[in-house]
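*Asks:* Here you go, this is work-v1.pdb (PDB, C-alpha atoms).
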ATOM      1  CA  MET Q   1     132.849  92.763 133.699  1.00  0.00           C
ATOM      2  CA  GLY Q   2     133.712  96.230 132.439  1.00  0.00           C
ATOM      3  CA  ILE Q   3     130.224  96.659 130.913  1.00  0.00           C
ATOM      4  CA  PHE Q   4     128.562  95.683 134.177  1.00  0.00           C
ATOM      5  CA  ALA Q   5     130.772  98.137 136.051  1.00  0.00           C
ATOM      6  CA  ILE Q   6     129.782 100.965 133.714  1.00  0.00           C
ATOM      7  CA  ILE Q   7     126.100 100.104 134.098  1.00  0.00           C
ATOM      8  CA  PHE Q   8     126.517 100.018 137.910  1.00  0.00           C
ATOM      9  CA  VAL Q   9     128.139 103.454 137.943  1.00  0.00           C
ATOM     10  CA  ILE Q  10     125.469 104.947 135.691  1.00  0.00           C
ATOM     11  CA  MET Q  11     122.649 103.574 137.811  1.00  0.00           C
ATOM     12  CA  THR Q  12     124.343 104.663 141.086  1.00  0.00           C
ATOM     13  CA  VAL Q  13     125.189 108.273 140.251  1.00  0.00           C
ATOM     14  CA  PRO Q  14     121.929 110.333 139.984  1.00  0.00           C
ATOM     15  CA  LEU Q  15     123.323 112.683 137.327  1.00  0.00           C
ATOM     16  CA  PHE Q  16     124.399 109.788 135.099  1.00  0.00           C
ATOM     17  CA  ARG Q  17     121.129 107.971 135.748  1.00  0.00           C
ATOM     18  CA  SER Q  18     118.982 110.936 134.587  1.00  0.00           C
ATOM     19  CA  LYS Q  19     121.085 111.344 131.437  1.00  0.00           C
ATOM     20  CA  ALA Q  20     120.897 107.640 130.705  1.00  0.00           C
ATOM     21  CA  THR Q  21     117.127 107.668 131.113  1.00  0.00           C
ATOM     22  CA  LEU Q  22     116.845 110.537 128.618  1.00  0.00           C
ATOM     23  CA  ILE Q  23     119.141 108.780 126.127  1.00  0.00           C
ATOM     24  CA  PHE Q  24     117.376 105.428 126.370  1.00  0.00           C
ATOM     25  CA  SER Q  25     113.906 107.001 126.067  1.00  0.00           C
ATOM     26  CA  GLY Q  26     115.023 108.851 122.938  1.00  0.00           C
ATOM     27  CA  ALA Q  27     116.496 105.656 121.551  1.00  0.00           C
ATOM     28  CA  GLY Q  28     113.215 103.884 122.207  1.00  0.00           C
ATOM     29  CA  LEU Q  29     111.313 106.557 120.303  1.00  0.00           C
ATOM     30  CA  ILE Q  30     113.717 106.298 117.375  1.00  0.00           C
ATOM     31  CA  ALA Q  31     113.433 102.522 117.420  1.00  0.00           C
ATOM     32  CA  ALA Q  32     109.635 102.804 117.344  1.00  0.00           C
ATOM     33  CA  ILE Q  33     109.778 105.155 114.329  1.00  0.00           C
ATOM     34  CA  ILE Q  34     112.213 102.879 112.511  1.00  0.00           C
ATOM     35  CA  GLY Q  35     110.061  99.855 113.316  1.00  0.00           C
ATOM     36  CA  PHE Q  36     106.942 101.564 111.966  1.00  0.00           C
ATOM     37  CA  ALA Q  37     108.736 102.526 108.750  1.00  0.00           C
ATOM     38  CA  ALA Q  38     110.186  99.042 108.405  1.00  0.00           C
ATOM     39  CA  GLN Q  39     106.751  97.491 108.817  1.00  0.00           C
ATOM     40  CA  ALA Q  40     105.571  98.892 105.463  1.00  0.00           C
ATOM     41  CA  ALA Q  41     108.789  97.796 103.759  1.00  0.00           C
ATOM     42  CA  LEU Q  42     108.519  94.344 105.316  1.00  0.00           C
ATOM     43  CA  SER Q  43     104.884  93.953 104.203  1.00  0.00           C
ATOM     44  CA  ASN Q  44     105.923  94.838 100.640  1.00  0.00           C
ATOM     45  CA  LEU Q  45     108.716  92.264 100.748  1.00  0.00           C
ATOM     46  CA  ILE Q  46     106.416  89.537 102.048  1.00  0.00           C
ATOM     47  CA  ALA Q  47     103.717  90.405  99.496  1.00  0.00           C
ATOM     48  CA  GLY Q  48     106.329  90.428  96.728  1.00  0.00           C
ATOM     49  CA  ALA Q  49     107.511  86.985  97.771  1.00  0.00           C
ATOM     50  CA  PHE Q  50     103.952  85.671  97.640  1.00  0.00           C
ATOM     51  CA  ILE Q  51     103.433  87.201  94.171  1.00  0.00           C
ATOM     52  CA  VAL Q  52     106.619  85.579  92.880  1.00  0.00           C
ATOM     53  CA  PHE Q  53     105.741  82.225  94.465  1.00  0.00           C
ATOM     54  CA  PHE Q  54     102.004  81.956  93.680  1.00  0.00           C
ATOM     55  CA  ARG Q  55     102.151  83.947  90.395  1.00  0.00           C
ATOM     56  CA  PRO Q  56      98.670  85.519  90.259  1.00  0.00           C
ATOM     57  CA  PHE Q  57     100.134  87.526  87.386  1.00  0.00           C
ATOM     58  CA  ARG Q  58     103.376  87.476  85.437  1.00  0.00           C
ATOM     59  CA  VAL Q  59     105.488  89.892  83.439  1.00  0.00           C
ATOM     60  CA  GLY Q  60     103.658  90.462  80.160  1.00  0.00           C
ATOM     61  CA  ASP Q  61     100.170  89.803  81.566  1.00  0.00           C
ATOM     62  CA  TYR Q  62      97.367  92.263  80.946  1.00  0.00           C
ATOM     63  CA  ILE Q  63      95.826  93.004  84.358  1.00  0.00           C
ATOM     64  CA  LYS Q  64      93.217  95.408  85.688  1.00  0.00           C
ATOM     65  CA  LEU Q  65      92.784  96.601  89.267  1.00  0.00           C
ATOM     66  CA  ASP Q  66      90.189  99.286  88.479  1.00  0.00           C
ATOM     67  CA  ASP Q  67      89.270 101.700  85.690  1.00  0.00           C
ATOM     68  CA  THR Q  68      92.442 103.768  86.165  1.00  0.00           C
ATOM     69  CA  ARG Q  69      94.960 101.054  87.093  1.00  0.00           C
ATOM     70  CA  LEU Q  70      95.264  98.680  84.181  1.00  0.00           C
ATOM     71  CA  GLY Q  71      97.866  97.693  81.634  1.00  0.00           C
ATOM     72  CA  ILE Q  72     100.729  95.304  80.952  1.00  0.00           C
ATOM     73  CA  VAL Q  73     102.874  94.046  83.832  1.00  0.00           C
ATOM     74  CA  GLU Q  74     106.373  95.273  83.015  1.00  0.00           C
ATOM     75  CA  ASP Q  75     108.316  94.362  86.147  1.00  0.00           C
ATOM     76  CA  ILE Q  76     107.817  92.555  89.465  1.00  0.00           C
ATOM     77  CA  ASN Q  77     110.296  92.925  92.309  1.00  0.00           C
ATOM     78  CA  LEU Q  78     110.105  92.372  96.051  1.00  0.00           C
ATOM     79  CA  ARG Q  79     109.000  95.941  96.747  1.00  0.00           C
ATOM     80  CA  HIS Q  80     106.604  96.938  93.953  1.00  0.00           C
ATOM     81  CA  THR Q  81     105.034  95.998  90.634  1.00  0.00           C
ATOM     82  CA  VAL Q  82     105.344  98.172  87.535  1.00  0.00           C
ATOM     83  CA  ILE Q  83     102.401  98.349  85.118  1.00  0.00           C
ATOM     84  CA  ASN Q  84     102.678 100.024  81.734  1.00  0.00           C
ATOM     85  CA  ASN Q  85      99.254 101.462  80.917  1.00  0.00           C
ATOM     86  CA  PHE Q  86      97.910 102.201  77.438  1.00  0.00           C
ATOM     87  CA  GLU Q  87      99.169 105.780  77.594  1.00  0.00           C
ATOM     88  CA  ASN Q  88     102.722 104.390  77.932  1.00  0.00           C
ATOM     89  CA  LYS Q  89     102.860 105.595  81.534  1.00  0.00           C
ATOM     90  CA  ARG Q  90     104.314 103.457  84.313  1.00  0.00           C
ATOM     91  CA  LEU Q  91     102.200 102.756  87.377  1.00  0.00           C
ATOM     92  CA  ILE Q  92     104.371 101.760  90.337  1.00  0.00           C
ATOM     93  CA  ILE Q  93     102.165  99.942  92.843  1.00  0.00           C
ATOM     94  CA  PRO Q  94     103.459  98.658  96.205  1.00  0.00           C
ATOM     95  CA  ASN Q  95     103.140  94.900  96.486  1.00  0.00           C
ATOM     96  CA  SER Q  96     101.299  95.220  99.804  1.00  0.00           C
ATOM     97  CA  VAL Q  97      98.567  97.127  97.925  1.00  0.00           C
ATOM     98  CA  ILE Q  98      98.330  95.000  94.807  1.00  0.00           C
ATOM     99  CA  SER Q  99      98.307  91.751  96.803  1.00  0.00           C
ATOM    100  CA  THR Q 100      95.173  92.794  98.726  1.00  0.00           C
ATOM    101  CA  ASP Q 101      93.191  94.099  95.725  1.00  0.00           C
ATOM    102  CA  SER Q 102      91.019  92.033  93.421  1.00  0.00           C
ATOM    103  CA  ILE Q 103      92.867  91.662  90.115  1.00  0.00           C
ATOM    104  CA  LEU Q 104      91.355  90.923  86.731  1.00  0.00           C
ATOM    105  CA  ASN Q 105      93.973  88.992  84.747  1.00  0.00           C
ATOM    106  CA  HIS Q 106      93.075  88.776  81.073  1.00  0.00           C
ATOM    107  CA  THR Q 107      95.934  86.491  80.067  1.00  0.00           C
ATOM    108  CA  ILE Q 108      96.800  84.169  82.956  1.00  0.00           C
ATOM    109  CA  GLU Q 109      95.186  81.068  81.419  1.00  0.00           C
ATOM    110  CA  ASP Q 110      93.376  81.909  78.188  1.00  0.00           C
ATOM    111  CA  SER Q 111      93.891  84.995  76.044  1.00  0.00           C
ATOM    112  CA  GLN Q 112      90.511  84.574  74.337  1.00  0.00           C
ATOM    113  CA  ILE Q 113      87.872  86.818  75.884  1.00  0.00           C
ATOM    114  CA  LEU Q 114      84.147  87.440  75.525  1.00  0.00           C
ATOM    115  CA  SER Q 115      83.457  91.070  74.721  1.00  0.00           C
ATOM    116  CA  PHE Q 116      80.088  92.634  75.590  1.00  0.00           C
ATOM    117  CA  ASN Q 117      78.934  95.181  72.989  1.00  0.00           C
ATOM    118  CA  ASN Q 118      75.797  97.194  73.726  1.00  0.00           C
ATOM    119  CA  PHE Q 119      73.577  98.905  71.177  1.00  0.00           C
ATOM    120  CA  LYS Q 120      70.406 100.981  71.360  1.00  0.00           C
ATOM    121  CA  ILE Q 121      67.726 100.980  68.658  1.00  0.00           C
ATOM    122  CA  GLY Q 122      64.413 102.777  68.444  1.00  0.00           C
ATOM    123  CA  ILE Q 123      61.336 101.390  70.127  1.00  0.00           C
ATOM    124  CA  ARG Q 124      59.742 100.646  66.726  1.00  0.00           C
ATOM    125  CA  ALA Q 125      62.920  99.290  65.098  1.00  0.00           C
ATOM    126  CA  ASP Q 126      63.069  95.973  63.255  1.00  0.00           C
ATOM    127  CA  ILE Q 127      64.895  93.821  65.828  1.00  0.00           C
ATOM    128  CA  ASP Q 128      65.575  90.990  63.373  1.00  0.00           C
ATOM    129  CA  LEU Q 129      67.184  93.368  60.880  1.00  0.00           C
ATOM    130  CA  ALA Q 130      69.273  94.972  63.613  1.00  0.00           C
ATOM    131  CA  ARG Q 131      70.413  91.539  64.830  1.00  0.00           C
ATOM    132  CA  LYS Q 132      71.358  90.513  61.263  1.00  0.00           C
ATOM    133  CA  ILE Q 133      73.427  93.675  60.762  1.00  0.00           C
ATOM    134  CA  ILE Q 134      75.203  93.272  64.102  1.00  0.00           C
ATOM    135  CA  GLN Q 135      76.095  89.649  63.391  1.00  0.00           C
ATOM    136  CA  GLU Q 136      77.368  90.406  59.893  1.00  0.00           C
ATOM    137  CA  GLU Q 137      79.538  93.293  61.042  1.00  0.00           C
ATOM    138  CA  ALA Q 138      80.878  91.265  63.976  1.00  0.00           C
ATOM    139  CA  LEU Q 139      82.217  88.583  61.633  1.00  0.00           C
ATOM    140  CA  LYS Q 140      84.092  91.249  59.653  1.00  0.00           C
ATOM    141  CA  GLN Q 141      86.213  92.232  62.658  1.00  0.00           C
ATOM    142  CA  PRO Q 142      89.729  90.772  62.256  1.00  0.00           C
ATOM    143  CA  ASN Q 143      90.001  89.589  65.869  1.00  0.00           C
ATOM    144  CA  THR Q 144      86.651  87.787  65.958  1.00  0.00           C
ATOM    145  CA  ILE Q 145      86.935  84.041  66.574  1.00  0.00           C
ATOM    146  CA  ASP Q 146      84.520  81.117  66.459  1.00  0.00           C
ATOM    147  CA  TYR Q 147      84.219  79.889  70.057  1.00  0.00           C
ATOM    148  CA  ARG Q 148      81.353  77.464  69.421  1.00  0.00           C
ATOM    149  CA  THR Q 149      81.570  73.818  70.400  1.00  0.00           C
ATOM    150  CA  PRO Q 150      81.252  71.176  67.660  1.00  0.00           C
ATOM    151  CA  GLU Q 151      77.733  70.474  68.919  1.00  0.00           C
ATOM    152  CA  GLN Q 152      76.769  74.138  68.578  1.00  0.00           C
ATOM    153  CA  ILE Q 153      78.175  74.251  65.043  1.00  0.00           C
ATOM    154  CA  LEU Q 154      76.192  71.159  64.052  1.00  0.00           C
ATOM    155  CA  ALA Q 155      73.085  72.743  65.579  1.00  0.00           C
ATOM    156  CA  ASP Q 156      73.720  75.811  63.371  1.00  0.00           C
ATOM    157  CA  ILE Q 157      73.860  78.179  66.353  1.00  0.00           C
ATOM    158  CA  ASN Q 158      75.034  81.596  65.245  1.00  0.00           C
ATOM    159  CA  GLN Q 159      78.639  82.416  65.965  1.00  0.00           C
ATOM    160  CA  VAL Q 160      77.727  85.814  67.445  1.00  0.00           C
ATOM    161  CA  ASP Q 161      74.945  85.771  70.003  1.00  0.00           C
ATOM    162  CA  VAL Q 162      72.752  88.900  69.949  1.00  0.00           C
ATOM    163  CA  ARG Q 163      70.127  89.338  72.659  1.00  0.00           C
ATOM    164  CA  VAL Q 164      67.505  91.883  73.611  1.00  0.00           C
ATOM    165  CA  ILE Q 165      68.490  92.889  77.127  1.00  0.00           C
ATOM    166  CA  ASP Q 166      65.648  95.293  77.934  1.00  0.00           C
ATOM    167  CA  VAL Q 167      62.931  97.444  76.416  1.00  0.00           C
ATOM    168  CA  HIS Q 168      62.735 101.031  77.620  1.00  0.00           C
ATOM    169  CA  PRO Q 169      60.181 103.756  76.836  1.00  0.00           C
ATOM    170  CA  ASP Q 170      62.532 105.375  74.301  1.00  0.00           C
ATOM    171  CA  HIS Q 171      64.836 102.544  73.129  1.00  0.00           C
ATOM    172  CA  ILE Q 172      65.541  98.824  72.957  1.00  0.00           C
ATOM    173  CA  HIS Q 173      68.779  97.640  74.544  1.00  0.00           C
ATOM    174  CA  ILE Q 174      70.583  94.976  72.471  1.00  0.00           C
ATOM    175  CA  ARG Q 175      73.818  93.229  73.410  1.00  0.00           C
ATOM    176  CA  ALA Q 176      76.205  91.336  71.136  1.00  0.00           C
ATOM    177  CA  TYR Q 177      78.530  88.735  72.653  1.00  0.00           C
ATOM    178  CA  LEU Q 178      81.699  88.736  70.606  1.00  0.00           C
ATOM    179  CA  TRP Q 179      84.607  86.362  71.198  1.00  0.00           C
ATOM    180  CA  ILE Q 180      87.979  87.867  70.294  1.00  0.00           C
ATOM    181  CA  ASN Q 181      91.460  86.367  70.373  1.00  0.00           C
ATOM    182  CA  GLU Q 182      93.422  89.372  71.587  1.00  0.00           C
ATOM    183  CA  PRO Q 183      92.481  91.097  74.892  1.00  0.00           C
ATOM    184  CA  PHE Q 184      94.865  93.979  74.190  1.00  0.00           C
ATOM    185  CA  LYS Q 185      92.789  94.878  71.123  1.00  0.00           C
ATOM    186  CA  GLU Q 186      89.356  94.612  72.712  1.00  0.00           C
ATOM    187  CA  PHE Q 187      88.843  98.372  72.985  1.00  0.00           C
ATOM    188  CA  LYS Q 188      89.945  98.979  69.386  1.00  0.00           C
ATOM    189  CA  THR Q 189      87.713  96.132  68.192  1.00  0.00           C
ATOM    190  CA  LYS Q 190      84.701  97.486  70.094  1.00  0.00           C
ATOM    191  CA  CYS Q 191      85.188 100.958  68.593  1.00  0.00           C
ATOM    192  CA  ALA Q 192      85.465  99.670  65.014  1.00  0.00           C
ATOM    193  CA  PHE Q 193      82.552  97.279  65.525  1.00  0.00           C
ATOM    194  CA  LYS Q 194      80.184  99.921  66.888  1.00  0.00           C
ATOM    195  CA  GLU Q 195      81.101 102.390  64.159  1.00  0.00           C
ATOM    196  CA  ALA Q 196      80.432  99.808  61.434  1.00  0.00           C
ATOM    197  CA  VAL Q 197      77.082  98.809  62.985  1.00  0.00           C
ATOM    198  CA  HIS Q 198      75.946 102.410  63.309  1.00  0.00           C
ATOM    199  CA  LYS Q 199      76.771 103.134  59.674  1.00  0.00           C
ATOM    200  CA  ARG Q 200      74.764 100.060  58.607  1.00  0.00           C
ATOM    201  CA  PHE Q 201      71.848 101.100  60.821  1.00  0.00           C
ATOM    202  CA  VAL Q 202      71.748 104.520  59.127  1.00  0.00           C
ATOM    203  CA  LYS Q 203      72.197 103.069  55.634  1.00  0.00           C
ATOM    204  CA  GLU Q 204      69.500 100.416  56.004  1.00  0.00           C
ATOM    205  CA  GLY Q 205      67.042 102.560  57.892  1.00  0.00           C
ATOM    206  CA  VAL Q 206      67.081 100.905  61.293  1.00  0.00           C
ATOM    207  CA  ASP Q 207      65.077 103.103  63.643  1.00  0.00           C
ATOM    208  CA  LEU Q 208      67.404 104.829  66.112  1.00  0.00           C
ATOM    209  CA  PRO Q 209      66.344 105.941  69.597  1.00  0.00           C
ATOM    210  CA  ILE Q 210      64.954 109.408  70.115  1.00  0.00           C
ATOM    211  CA  PRO Q 211      65.076 110.766  73.671  1.00  0.00           C
ATOM    212  CA  ILE Q 212      61.663 111.409  75.170  1.00  0.00           C
ATOM    213  CA  HIS Q 213      61.380 114.482  77.373  1.00  0.00           C
ATOM    214  CA  LYS Q 214      58.370 114.989  79.553  1.00  0.00           C
ATOM    215  CA  VAL Q 215      57.337 118.626  79.834  1.00  0.00           C
ATOM    216  CA  ILE Q 216      55.215 119.648  82.797  1.00  0.00           C
ATOM    217  CA  ARG Q 217      53.382 122.929  82.464  1.00  0.00           C
ATOM    218  CA  GLU Q 218      52.176 124.772  85.466  1.00  0.00           C
ATOM    219  CA  ASP Q 219      49.856 127.729  85.059  1.00  0.00           C
ATOM    220  CA  PHE Q 220      50.021 130.268  87.827  1.00  0.00           C
ATOM    221  CA  VAL Q 221      47.063 132.553  88.443  1.00  0.00           C
TER     222      VAL Q 221
END
Can I see the file as structure tokens?

*Replies:*
Amino acid sequence: MGIFAIIFVIMTVPLFRSKATLIFSGAGLIAAIIGFAAQAALSNLIAGAFIVFFRPFRVGDYIKLDDTRLGIVEDINLRHTVINNFENKRLIIPNSVISTDSILNHTIEDSQILSFNNFKIGIRADIDLARKIIQEEALKQPNTIDYRTPEQILADINQVDVRVIDVHPDHIHIRAYLWINEPFKEFKTKCAFKEAVHKRFVKEGVDLPIPIHKVIREDFV
């Protein structure tokens, strides 16, 4: 009854009523600001709960959001996810952001990955020789694995598939498909593989691409 009496007095006396209106309007503004701030926190909490429940990635997984946000998941809590990139820097990403992005998870089911390795040789190069060199050097890489089915092995299909992707005016584009057993070492494997192939190309005289520049001459009178 006391509360109702106070409210009655406030609403009856004009001076009290104007002050109360000012106070309540200010409180409403503050409540709106707090609600807006809490909305972001609440969305992170809900997204974090979904990540924990559905497990699109786990601690220790190697994930990639884009070319700058990639690495090993180090921690997942209800507010954010921590990724340790390959420069040993921690990326702290709000769960509301990471839950709406497309994520490439290299290790969620199978740690074996197919690595695309592109090479360019000269337009007059011996493609068969280049393919032989690429396949031989691929098998020397320590993380290379044989991903062929028993049927493919019996059919004597080469372990490393090498294809001509395109022929350009100044080079031939060749791609080697290399299965490796460790996604964390893909970049290191690609670097060592390409270096070894290039050295073999130079040693065995595989024609390398030479850029063609078209010169247009205009004579002014």

*Asks:* To test your reading of the syntax: which residues would the PyMOL selection byres ((chain Q and resi 191-196) around 9) return for the file shown? Reply as a PyMOL selection string.

*Replies:* chain Q and resi 117-119+134+137-138+140-141+186-190+197-201

*Asks:* Next, the residues of the selection above should be written as a PDB file, keeping the file's coordinate frame with C-alpha atoms.

*Replies:*
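Ended up saving to part.pdb:
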ATOM      1  CA  ASN Q 117      78.934  95.181  72.989  1.00  0.00           C
ATOM      2  CA  ASN Q 118      75.797  97.194  73.726  1.00  0.00           C
ATOM      3  CA  PHE Q 119      73.577  98.905  71.177  1.00  0.00           C
ATOM      4  CA  ILE Q 134      75.203  93.272  64.102  1.00  0.00           C
ATOM      5  CA  GLU Q 137      79.538  93.293  61.042  1.00  0.00           C
ATOM      6  CA  ALA Q 138      80.878  91.265  63.976  1.00  0.00           C
ATOM      7  CA  LYS Q 140      84.092  91.249  59.653  1.00  0.00           C
ATOM      8  CA  GLN Q 141      86.213  92.232  62.658  1.00  0.00           C
ATOM      9  CA  GLU Q 186      89.356  94.612  72.712  1.00  0.00           C
ATOM     10  CA  PHE Q 187      88.843  98.372  72.985  1.00  0.00           C
ATOM     11  CA  LYS Q 188      89.945  98.979  69.386  1.00  0.00           C
ATOM     12  CA  THR Q 189      87.713  96.132  68.192  1.00  0.00           C
ATOM     13  CA  LYS Q 190      84.701  97.486  70.094  1.00  0.00           C
ATOM     14  CA  VAL Q 197      77.082  98.809  62.985  1.00  0.00           C
ATOM     15  CA  HIS Q 198      75.946 102.410  63.309  1.00  0.00           C
ATOM     16  CA  LYS Q 199      76.771 103.134  59.674  1.00  0.00           C
ATOM     17  CA  ARG Q 200      74.764 100.060  58.607  1.00  0.00           C
ATOM     18  CA  PHE Q 201      71.848 101.100  60.821  1.00  0.00           C
TER      19      PHE Q 201
END

*Asks:* So what do you get for atom CA of Ala130 of chain Q versus atom CA of Ile165 of chain Q, distance-wise?

*Replies:*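 Calculated distance between atom CA of Ala130 of chain Q and atom CA of Ile165 of chain Q is 13.7 Å.
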
*Asks:* Return the single residue from Q:Pro56, Q:Pro169, Q:Pro183, Q:Gly48 that is closest to Pro209 of chain Q, with distances computed using only C-alpha atoms.

*Replies:*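 Among Q:Pro56, Q:Pro169, Q:Pro183, Q:Gly48, it is Q:Pro169 that comes nearest to Pro209 of chain Q.
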
*Asks:* Which polymer residues have any atom within 8 Å of an atom of Gln135 of chain Q, counting only C-alpha atoms, with same-chain residues fewer than 5 positions away left out, as an mmCIF file with C-alpha atoms, in the frame of the given file?

*Replies:*
data_model
loop_
_atom_site.group_PDB
_atom_site.id
_atom_site.type_symbol
_atom_site.label_atom_id
_atom_site.label_comp_id
_atom_site.auth_asym_id
_atom_site.auth_seq_id
_atom_site.Cartn_x
_atom_site.Cartn_y
_atom_site.Cartn_z
ATOM 1 C CA VAL Q 160 77.727 85.814 67.445
ATOM 2 C CA ASP Q 161 74.945 85.771 70.003
ATOM 3 C CA VAL Q 162 72.752 88.900 69.949
ATOM 4 C CA ALA Q 176 76.205 91.336 71.136
#

*Asks:* Find the spatial neighbours of Ile127 of chain Q, counting all atoms listed in the file, within a cut-off of 10 Å - ignore same-chain residues fewer than 2 positions away - and output them as a PDB file with C-alpha atoms, keeping the file's coordinate frame.

*Replies:*
ATOM      1  CA  ILE Q 121      67.726 100.980  68.658  1.00  0.00           C
ATOM      2  CA  GLY Q 122      64.413 102.777  68.444  1.00  0.00           C
ATOM      3  CA  ILE Q 123      61.336 101.390  70.127  1.00  0.00           C
ATOM      4  CA  ARG Q 124      59.742 100.646  66.726  1.00  0.00           C
ATOM      5  CA  ALA Q 125      62.920  99.290  65.098  1.00  0.00           C
ATOM      6  CA  LEU Q 129      67.184  93.368  60.880  1.00  0.00           C
ATOM      7  CA  ALA Q 130      69.273  94.972  63.613  1.00  0.00           C
ATOM      8  CA  ARG Q 131      70.413  91.539  64.830  1.00  0.00           C
ATOM      9  CA  LYS Q 132      71.358  90.513  61.263  1.00  0.00           C
ATOM     10  CA  ILE Q 133      73.427  93.675  60.762  1.00  0.00           C
ATOM     11  CA  ARG Q 163      70.127  89.338  72.659  1.00  0.00           C
ATOM     12  CA  VAL Q 164      67.505  91.883  73.611  1.00  0.00           C
ATOM     13  CA  ILE Q 172      65.541  98.824  72.957  1.00  0.00           C
ATOM     14  CA  ILE Q 174      70.583  94.976  72.471  1.00  0.00           C
ATOM     15  CA  VAL Q 206      67.081 100.905  61.293  1.00  0.00           C
ATOM     16  CA  ASP Q 207      65.077 103.103  63.643  1.00  0.00           C
TER      17      ASP Q 207
END

*Asks:* Looking at Q:Thr149, Q:Thr100, Q:Asn105, Q:Asn95, which one is nearest to Leu70 of chain Q, with distances taken over all atoms listed in the file?

*Replies:* Q:Asn105

*Asks:* Atom CA of Ile113 of chain Q and atom CA of Glu182 of chain Q are how many Å apart?

*Replies:*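 Separation of atom CA of Ile113 of chain Q and atom CA of Glu182 of chain Q: 7.5 Å.
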
*Asks:* Write out as a PyMOL selection string which residues come within 8 Å of segment 72-88 of chain Q when counting all atoms listed in the file, dropping same-chain ones fewer than 5 positions away.

*Replies:* chain Q and resi 41+44-49+52+57-63+93-95+98

*Asks:* Quick check, in Å to one decimal: how far apart do atom CA of Pro150 of chain Q and atom CA of Leu104 of chain Q lie?

*Replies:* 29.3 Å

*Asks:* Mind listing as a ChimeraX atom specification all residues within 6 Å of (80.5, 87.0, 74.0), counting all atoms listed in the file?

*Replies:* /Q:114-116,177-179

*Asks:* What does the PyMOL selection byres ((chain Q and resi 159) around 8) select in this file, as a ChimeraX atom specification?

*Replies:* /Q:146-148,157-158,160-161
